[in-house]
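Asker: File data_24.pdb below, PDB, C-alpha atoms:
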ATOM      1  CA  MET A   1     -55.645-175.225 185.101
ATOM      2  CA  ARG A   2     -55.005-171.505 184.849
ATOM      3  CA  TYR A   3     -56.595-171.534 181.380
ATOM      4  CA  SER A   4     -59.703-173.256 182.764
ATOM      5  CA  LYS A   5     -60.088-170.717 185.566
ATOM      6  CA  ALA A   6     -59.641-167.808 183.168
ATOM      7  CA  PHE A   7     -62.173-169.313 180.781
ATOM      8  CA  ALA A   8     -64.673-169.870 183.616
ATOM      9  CA  SER A   9     -64.218-166.288 184.805
ATOM     10  CA  ALA A  10     -64.854-164.991 181.295
ATOM     11  CA  VAL A  11     -68.033-167.045 181.012
ATOM     12  CA  ILE A  12     -69.311-165.774 184.381
ATOM     13  CA  ALA A  13     -68.513-162.172 183.447
ATOM     14  CA  ALA A  14     -70.269-162.502 180.102
ATOM     15  CA  THR A  15     -73.309-164.011 181.820
ATOM     16  CA  LEU A  16     -73.484-161.155 184.313
ATOM     17  CA  ILE A  17     -73.263-158.581 181.532
ATOM     18  CA  ALA A  18     -76.051-160.324 179.600
ATOM     19  CA  VAL A  19     -78.291-160.481 182.680
ATOM     20  CA  GLY A  20     -77.572-156.859 183.486
ATOM     21  CA  SER A  21     -78.461-155.769 179.964
ATOM     22  CA  THR A  22     -81.719-157.686 180.036
ATOM     23  CA  ALA A  23     -82.682-156.308 183.421
ATOM     24  CA  SER A  24     -82.003-152.694 182.428
ATOM     25  CA  GLY A  25     -84.101-152.880 179.247
ATOM     26  CA  PRO A  26     -87.576-152.209 180.719
ATOM     27  CA  ALA A  27     -86.187-149.522 183.033
ATOM     28  CA  GLU A  28     -84.575-147.739 180.098
ATOM     29  CA  ALA A  29     -87.825-148.021 178.112
ATOM     30  CA  THR A  30     -89.773-146.496 180.997
ATOM     31  CA  GLN A  31     -87.331-143.605 181.237
ATOM     32  CA  ARG A  32     -87.793-142.930 177.509
ATOM     33  CA  ILE A  33     -91.567-142.528 177.894
ATOM     34  CA  ASP A  34     -92.329-138.794 178.058
ATOM     35  CA  SER A  35     -94.778-139.054 180.961
ATOM     36  CA  ALA A  36     -94.781-135.277 181.572
ATOM     37  CA  ARG A  37     -95.861-134.579 177.998
ATOM     38  CA  ILE A  38     -98.488-137.345 178.080
ATOM     39  CA  SER A  39     -99.926-136.110 181.391
ATOM     40  CA  GLY A  40     -99.964-132.511 180.156
ATOM     41  CA  TYR A  41    -101.755-133.433 176.949
ATOM     42  CA  LEU A  42    -104.394-135.485 178.775
ATOM     43  CA  ASN A  43    -104.991-132.767 181.379
ATOM     44  CA  ASP A  44    -105.434-130.173 178.597
ATOM     45  CA  ALA A  45    -107.957-132.528 176.965
ATOM     46  CA  GLY A  46    -109.966-132.596 180.203
ATOM     47  CA  VAL A  47    -108.733-135.885 181.689
ATOM     48  CA  SER A  48    -108.172-135.964 185.465
ATOM     49  CA  HIS A  49    -104.674-136.471 186.930
ATOM     50  CA  LYS A  50    -105.835-139.797 188.378
ATOM     51  CA  ASP A  51    -106.995-141.122 185.018
ATOM     52  CA  ALA A  52    -103.923-139.701 183.275
ATOM     53  CA  ASN A  53    -101.696-141.685 185.652
ATOM     54  CA  LYS A  54    -103.669-144.834 184.834
ATOM     55  CA  VAL A  55    -103.093-144.210 181.130
ATOM     56  CA  ILE A  56     -99.352-143.758 181.680
ATOM     57  CA  ASP A  57     -99.289-147.004 183.685
ATOM     58  CA  LYS A  58    -100.955-148.857 180.795
ATOM     59  CA  ILE A  59     -98.366-147.450 178.389
ATOM     60  CA  ARG A  60     -95.504-148.562 180.651
ATOM     61  CA  HIS A  61     -96.893-152.098 180.659
ATOM     62  CA  GLY A  62     -97.315-152.191 176.883
ATOM     63  CA  GLU A  63    -101.114-152.324 177.011
ATOM     64  CA  GLN A  64    -103.202-150.864 174.195
ATOM     65  CA  LEU A  65    -105.135-147.727 175.033
ATOM     66  CA  ASP A  66    -108.863-147.562 174.353
ATOM     67  CA  PHE A  67    -108.475-145.020 171.548
ATOM     68  CA  GLU A  68    -106.498-147.667 169.621
ATOM     69  CA  THR A  69    -109.218-150.312 169.906
ATOM     70  CA  ASP A  70    -112.893-150.660 168.971
ATOM     71  CA  GLN A  71    -113.929-148.911 172.188
ATOM     72  CA  LYS A  72    -116.341-146.035 171.628
ATOM     73  CA  PRO A  73    -115.455-142.646 173.136
ATOM     74  CA  VAL A  74    -117.451-141.568 176.180
ATOM     75  CA  SER A  75    -117.445-137.977 174.921
ATOM     76  CA  VAL A  76    -116.832-136.215 171.612
ATOM     77  CA  GLU A  77    -116.565-132.424 171.393
ATOM     78  CA  THR A  78    -115.987-130.366 168.263
ATOM     79  CA  GLU A  79    -115.259-126.663 168.643
ATOM     80  CA  ARG A  80    -113.637-123.787 166.845
ATOM     81  CA  LYS A  81    -110.468-122.391 168.409
ATOM     82  CA  GLY A  82    -109.393-119.377 166.387
ATOM     83  CA  ASP A  83    -108.685-120.636 162.877
ATOM     84  CA  TRP A  84    -108.821-124.257 163.984
ATOM     85  CA  GLU A  85    -111.672-126.770 163.952
ATOM     86  CA  VAL A  86    -110.834-129.122 166.832
ATOM     87  CA  THR A  87    -112.427-132.453 167.775
ATOM     88  CA  THR A  88    -111.520-134.055 171.126
ATOM     89  CA  GLU A  89    -112.498-137.620 171.996
ATOM     90  CA  ILE A  90    -112.259-139.034 175.534
ATOM     91  CA  TYR A  91    -112.270-142.820 176.033
ATOM     92  CA  PRO A  92    -113.319-145.067 178.968
ATOM     93  CA  ASP A  93    -109.753-145.694 180.195
ATOM     94  CA  GLY A  94    -108.974-141.954 180.260
ATOM     95  CA  SER A  95    -107.044-141.896 177.012
ATOM     96  CA  ALA A  96    -107.878-139.117 174.565
ATOM     97  CA  GLU A  97    -107.282-138.135 170.972
ATOM     98  CA  THR A  98    -107.515-134.800 169.181
ATOM     99  CA  THR A  99    -107.901-134.111 165.462
ATOM    100  CA  GLU A 100    -107.467-130.590 164.105
ATOM    101  CA  ILE A 101    -107.864-128.916 160.739
ATOM    102  CA  GLU A 102    -106.866-125.317 160.157
ATOM    103  CA  LYS A 103    -109.695-123.395 158.460
ATOM    104  CA  PRO A 104    -109.255-119.611 158.564
ATOM    105  CA  LEU A 105    -112.540-117.720 158.420
ATOM    106  CA  GLU A 106    -110.929-114.504 157.243
ATOM    107  CA  ILE A 107    -110.321-114.261 153.498
ATOM    108  CA  THR A 108    -106.923-112.837 152.567
ATOM    109  CA  SER A 109    -105.277-111.767 149.354
ATOM    110  CA  ALA A 110    -102.920-114.101 147.536
ATOM    111  CA  THR A 111     -99.892-112.449 149.167
ATOM    112  CA  SER A 112    -101.142-111.684 152.678
ATOM    113  CA  ILE A 113    -101.651-113.886 155.724
ATOM    114  CA  SER A 114    -104.667-114.028 158.004
ATOM    115  CA  ALA A 115    -103.999-112.298 161.306
ATOM    116  CA  HIS A 116    -105.499-115.325 163.048
ATOM    117  CA  ALA A 117    -103.201-117.776 161.297
ATOM    118  CA  GLY A 118    -100.061-116.560 163.031
ATOM    119  CA  PRO A 119     -96.781-118.200 162.033
ATOM    120  CA  THR A 120     -98.345-121.228 160.331
ATOM    121  CA  ASN A 121     -98.617-119.401 156.948
ATOM    122  CA  CYS A 122    -102.073-120.879 156.425
ATOM    123  CA  LYS A 123    -104.203-118.536 154.356
ATOM    124  CA  VAL A 124    -107.470-118.564 152.452
ATOM    125  CA  LYS A 125    -108.623-116.547 149.474
ATOM    126  CA  GLY A 126    -111.984-116.541 147.774
ATOM    127  CA  GLY A 127    -113.717-115.467 144.618
ATOM    128  CA  SER A 128    -116.937-116.097 142.778
ATOM    129  CA  GLY A 129    -117.920-119.664 143.689
ATOM    130  CA  TYR A 130    -114.614-120.838 145.133
ATOM    131  CA  ARG A 131    -112.493-120.734 148.275
ATOM    132  CA  SER A 132    -108.813-121.773 148.248
ATOM    133  CA  TYR A 133    -106.825-122.805 151.328
ATOM    134  CA  THR A 134    -103.012-122.798 151.221
ATOM    135  CA  ASN A 135    -100.496-124.405 153.616
ATOM    136  CA  CYS A 136    -103.138-125.295 156.193
ATOM    137  CA  HIS A 137    -102.380-127.845 158.913
ATOM    138  CA  VAL A 138    -104.100-131.180 159.416
ATOM    139  CA  ARG A 139    -103.172-132.895 162.711
ATOM    140  CA  ARG A 140    -103.783-135.942 164.866
ATOM    141  CA  THR A 141    -102.581-135.904 168.500
ATOM    142  CA  ASN A 142    -102.822-138.502 171.278
ATOM    143  CA  PRO A 143    -100.711-139.754 174.233
ATOM    144  CA  LEU A 144     -98.477-141.832 171.944
ATOM    145  CA  TYR A 145     -97.710-139.735 168.868
ATOM    146  CA  ASN A 146     -98.397-136.699 166.668
ATOM    147  CA  LEU A 147     -99.136-137.138 162.969
ATOM    148  CA  GLY A 148     -99.798-134.237 160.630
ATOM    149  CA  PHE A 149     -99.088-132.355 157.409
ATOM    150  CA  LYS A 150     -99.920-129.169 155.476
ATOM    151  CA  ALA A 151    -102.418-129.141 152.642
ATOM    152  CA  SER A 152    -103.517-126.779 149.885
ATOM    153  CA  TYR A 153    -106.990-127.382 148.506
ATOM    154  CA  THR A 154    -109.900-125.596 146.817
ATOM    155  CA  ILE A 155    -113.633-125.757 147.432
ATOM    156  CA  VAL A 156    -115.613-125.135 144.215
ATOM    157  CA  GLN A 157    -119.283-124.391 144.762
ATOM    158  CA  SER A 158    -120.517-125.426 141.313
ATOM    159  CA  GLY A 159    -117.741-127.811 140.386
ATOM    160  CA  LYS A 160    -115.373-130.462 141.676
ATOM    161  CA  ASP A 161    -113.319-129.737 144.781
ATOM    162  CA  TYR A 162    -109.627-130.636 144.558
ATOM    163  CA  ILE A 163    -106.370-130.950 146.506
ATOM    164  CA  GLY A 164    -103.567-128.849 145.045
ATOM    165  CA  GLY A 165    -100.822-130.486 147.080
ATOM    166  CA  VAL A 166     -99.631-131.753 150.462
ATOM    167  CA  HIS A 167     -96.255-131.416 152.152
ATOM    168  CA  GLY A 168     -94.479-131.038 155.494
ATOM    169  CA  LEU A 169     -95.176-134.476 156.975
ATOM    170  CA  GLU A 170     -94.861-134.337 160.779
ATOM    171  CA  THR A 171     -94.390-137.414 162.961
ATOM    172  CA  LYS A 172     -93.335-137.309 166.599
ATOM    173  CA  CYS A 173     -93.500-140.220 169.021
ATOM    174  CA  TYR A 174     -93.575-139.959 172.820
ATOM    175  CA  ALA A 175     -93.751-143.561 174.041
ATOM    176  CA  GLY A 176     -92.305-145.455 171.103
ATOM    177  CA  THR A 177     -90.867-145.085 167.617
ATOM    178  CA  CYS A 178     -92.279-144.117 164.224
ATOM    179  CA  SER A 179     -90.960-145.561 160.960
ATOM    180  CA  LYS A 180     -91.873-145.844 157.278
ATOM    181  CA  SER A 181     -93.734-142.531 157.434
ATOM    182  CA  LYS A 182     -95.490-141.561 154.193
ATOM    183  CA  LEU A 183     -97.567-138.702 152.784
ATOM    184  CA  ASN A 184     -99.307-138.615 149.431
ATOM    185  CA  THR A 185    -102.405-137.466 147.589
ATOM    186  CA  THR A 186    -104.386-140.602 146.819
ATOM    187  CA  ARG A 187    -107.080-138.812 144.788
ATOM    188  CA  LYS A 188    -106.437-135.261 143.591
ATOM    189  CA  ARG A 189    -109.897-134.262 142.387
ATOM    190  CA  GLU A 190    -113.414-135.017 143.610
ATOM    191  CA  THR A 191    -115.490-137.294 141.382
ATOM    192  CA  ALA A 192    -119.203-138.023 141.225
ATOM    193  CA  SER A 193    -118.749-140.894 143.686
ATOM    194  CA  ALA A 194    -115.617-140.053 145.718
ATOM    195  CA  LYS A 195    -113.902-137.139 147.447
ATOM    196  CA  ALA A 196    -110.379-135.925 146.821
ATOM    197  CA  THR A 197    -108.113-137.572 149.403
ATOM    198  CA  ALA A 198    -104.658-137.163 150.957
ATOM    199  CA  LYS A 199    -103.157-139.575 153.475
ATOM    200  CA  ALA A 200    -100.361-139.482 156.056
ATOM    201  CA  SER A 201     -99.276-142.738 157.692
ATOM    202  CA  THR A 202     -96.566-144.175 159.913
ATOM    203  CA  VAL A 203     -95.733-147.464 161.619
ATOM    204  CA  TYR A 204     -95.825-146.961 165.390
ATOM    205  CA  LYS A 205     -94.119-149.284 167.884
ATOM    206  CA  THR A 206     -94.249-148.816 171.657
ATOM    207  CA  TYR A 207     -91.099-149.140 173.767
ATOM    208  CA  ALA A 208     -92.814-151.506 176.196
ATOM    209  CA  SER A 209     -94.174-153.951 173.606
ATOM    210  CA  SER A 210     -92.938-155.787 170.543
ATOM    211  CA  SER A 211     -96.136-155.050 168.627
ATOM    212  CA  SER A 212     -96.367-152.364 165.962
ATOM    213  CA  ARG A 213     -99.301-150.910 164.039
ATOM    214  CA  ASN A 214     -99.870-148.799 160.967
ATOM    215  CA  VAL A 215    -101.669-145.567 161.856
ATOM    216  CA  TRP A 216    -102.980-142.960 159.466
ATOM    217  CA  LEU A 217    -104.699-139.598 159.065
ATOM    218  CA  LYS A 218    -106.727-138.671 155.990
ATOM    219  CA  LEU A 219    -107.917-135.371 154.554
ATOM    220  CA  TRP A 220    -111.119-135.546 152.500
ATOM    221  CA  VAL A 221    -112.156-132.690 150.216
ATOM    222  CA  GLY A 222    -115.546-132.935 148.547
ATOM    223  CA  LYS A 223    -119.173-131.840 148.645
ATOM    224  CA  ASN A 224    -117.974-128.285 149.365
ATOM    225  CA  LYS A 225    -116.105-129.028 152.588
ATOM    226  CA  ALA A 226    -112.891-130.480 154.020
ATOM    227  CA  THR A 227    -112.971-133.151 156.744
ATOM    228  CA  ILE A 228    -110.482-135.513 158.382
ATOM    229  CA  THR A 229    -110.639-139.130 159.561
ATOM    230  CA  LYS A 230    -108.182-141.510 161.270
ATOM    231  CA  ASN A 231    -107.941-145.185 162.148
TER     232      ASN A 231
END
Could you write out this structure as structure tokens?
Answerer:
Amino acid sequence: MRYSKAFASAVIAATLIAVGSTASGPAEATQRIDSARISGYLNDAGVSHKDANKVIDKIRHGEQLDFETDQKPVSVETERKGDWEVTTEIYPDGSAETTEIEKPLEITSATSISAHAGPTNCKVKGGSGYRSYTNCHVRRTNPLYNLGFKASYTIVQSGKDYIGGVHGLETKCYAGTCSKSKLNTTRKRETASAKATAKASTVYKTYASSSSRNVWLKLWVGKNKATITKN
């Protein structure tokens, strides 16, 4: 009889532990969401506190944000901020996304750094018919994650533009995890029909949902300019 009681007590204790673990899961996930960072980013992008709170609530419930879907942005603004070309998109639910490419206007020598570039070590030098960028950032930022890298590439006025190399992959997640992050040059030199291309990607999974998705950021160099796209 004593064995039966002890066994029953063990079963009850194990059940309570299991229930407790299950109940604490969502709470722990919510605590891991960096709501202060998300709110700060959205406010800087021009989103109201009210809409930012709605976005955070969607994230806590594992709902997809509009920037992740086929929804069209309600506003798109591209501007130059120092050495950066910055595009900010605002979506109907208040979510936002920013893409940035570092493009110094000031030409420097091969050994000096543009005063505008600061500590990033991005520099540009030019000669007859060409302009070379070295260690310049390409970034994608939104409420869920940052994805970026540094690129060196050359614009050739009367020839084929090319990517010299990419490095320094950056991935940082604020409401989930990133895994299987990759960075590579998929096409080094521009051709008659295609631009030189580099791609950074990661698999993002939110804390509040079991779903994951592959997200990416691409640098395109061709037709005498550098541009970026994302999915």
Asker: Give me the stretch 148-226 of chain A side of the contact with stretch 86-105 of chain A, cut-off 12 Å, one line per residue showing its nearest atom pair and distance in Å at one decimal, counting only C-alpha atoms, sorted by chain and residue number, as a tab-separated table.
Answerer:
residue	atom	partner	partner_atom	distance
A:Gly148	CA	A:Glu100	CA	9.2
A:Phe149	CA	A:Ile101	CA	10.0
A:Lys150	CA	A:Glu102	CA	9.2
A:Ala151	CA	A:Glu102	CA	9.5
A:Ser152	CA	A:Glu102	CA	10.9
A:Tyr153	CA	A:Lys103	CA	11.1
A:Thr154	CA	A:Lys103	CA	11.9
A:Ile155	CA	A:Lys103	CA	11.9
A:Trp216	CA	A:Thr99	CA	11.8
A:Leu217	CA	A:Thr99	CA	9.0
A:Lys218	CA	A:Thr99	CA	10.6
A:Leu219	CA	A:Ile101	CA	8.9
A:Trp220	CA	A:Ile101	CA	11.1
A:Val221	CA	A:Ile101	CA	12.0
A:Lys225	CA	A:Lys103	CA	10.4
A:Ala226	CA	A:Ile101	CA	8.5
Asker: Go ahead and compute the interatomic distance for atom CA of A:Ser179 and atom CA of A:Ser39, in Å to one decimal.
Answerer: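 Separation between atom CA of A:Ser179 and atom CA of A:Ser39: 24.2 Å.
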Asker: Could you tell me how far atom CA of A:Leu147 sits from atom CA of A:Val74, in Å to one decimal place?
Answerer: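 Between these atoms lies a distance of 23.0 Å.
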Asker: Which distance in Å separates atom CA of A:Asp83 and atom CA of A:Tyr162, to one decimal?
Answerer: 20.9 Å
Asker: Could you check the closest approach to A:Thr191 for each of A:Ala175, A:Ser158, A:Gly222, A:Glu170 and tell me which residue wins, using all atoms listed in the file?
Answerer: A:Gly222
Asker: Could you name the residues that touch A:Lys58 at 12 Å or less, counting all atoms listed in the file, but leaving out those on the same chain fewer than 5 positions away, as a PyMOL selection string?
Answerer: chain A and resi 30+33+35+51-53+63-66+93-95+143-144+175+206+208-209
Asker: Restricted to C-alpha atoms, what would the selected residues look like written as a compact mmCIF listing (two decimals), keeping the file's coordinate frame?
Answerer:
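As a result, result-v4.txt now contains:
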# COMPACT_ATOMS: atom_id res chain seq x y z
CA THR A 30 -89.77 -146.50 181.00
CA ILE A 33 -91.57 -142.53 177.89
CA SER A 35 -94.78 -139.05 180.96
CA ASP A 51 -107.00 -141.12 185.02
CA ALA A 52 -103.92 -139.70 183.28
CA ASN A 53 -101.70 -141.68 185.65
CA GLU A 63 -101.11 -152.32 177.01
CA GLN A 64 -103.20 -150.86 174.20
CA LEU A 65 -105.14 -147.73 175.03
CA ASP A 66 -108.86 -147.56 174.35
CA ASP A 93 -109.75 -145.69 180.20
CA GLY A 94 -108.97 -141.95 180.26
CA SER A 95 -107.04 -141.90 177.01
CA PRO A 143 -100.71 -139.75 174.23
CA LEU A 144 -98.48 -141.83 171.94
CA ALA A 175 -93.75 -143.56 174.04
CA THR A 206 -94.25 -148.82 171.66
CA ALA A 208 -92.81 -151.51 176.20
CA SER A 209 -94.17 -153.95 173.61
Asker: Could you list, as an NGL selection string, every residue within 8 Å of A:Ile107, counting all atoms listed in the file and ignoring same-chain residues fewer than 4 positions away?
Answerer: :A and (114 or 123-126)
Asker: Create the file for the chosen residues now, containing C-alpha atoms and written as a compact mmCIF listing (two decimals), in the frame of the given file.
Answerer:
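Just written: result37.txt:
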# COMPACT_ATOMS: atom_id res chain seq x y z
CA SER A 114 -104.67 -114.03 158.00
CA LYS A 123 -104.20 -118.54 154.36
CA VAL A 124 -107.47 -118.56 152.45
CA LYS A 125 -108.62 -116.55 149.47
CA GLY A 126 -111.98 -116.54 147.77
Asker: Measuring atom to atom with all atoms listed in the file, identify which of A:Thr69, A:Asn146, A:Asn135, A:Asn43 is nearest to A:Asn231.
Answerer: A:Thr69
Asker: Find the residue from A:Tyr41, A:Asp70, A:Ile228, A:Arg187 that sits nearest to A:His137; use all atoms listed in the file when measuring.
Answerer: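 Answer, going by the shortest atom-to-atom distance: A:Ile228.
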Asker: Evaluating the PyMOL selection byres ((chain A and resi 182) around 10) on the displayed file yields which residues, as number ranges by chain?
Answerer: A: 169-171, 179-181, 183-184, 199-203, 216
Asker: Calculated over only C-alpha atoms, which of the candidates A:Ala192, A:Val156, A:Ile59, A:Leu42 has the smallest distance to A:Tyr133?
Answerer: A:Val156
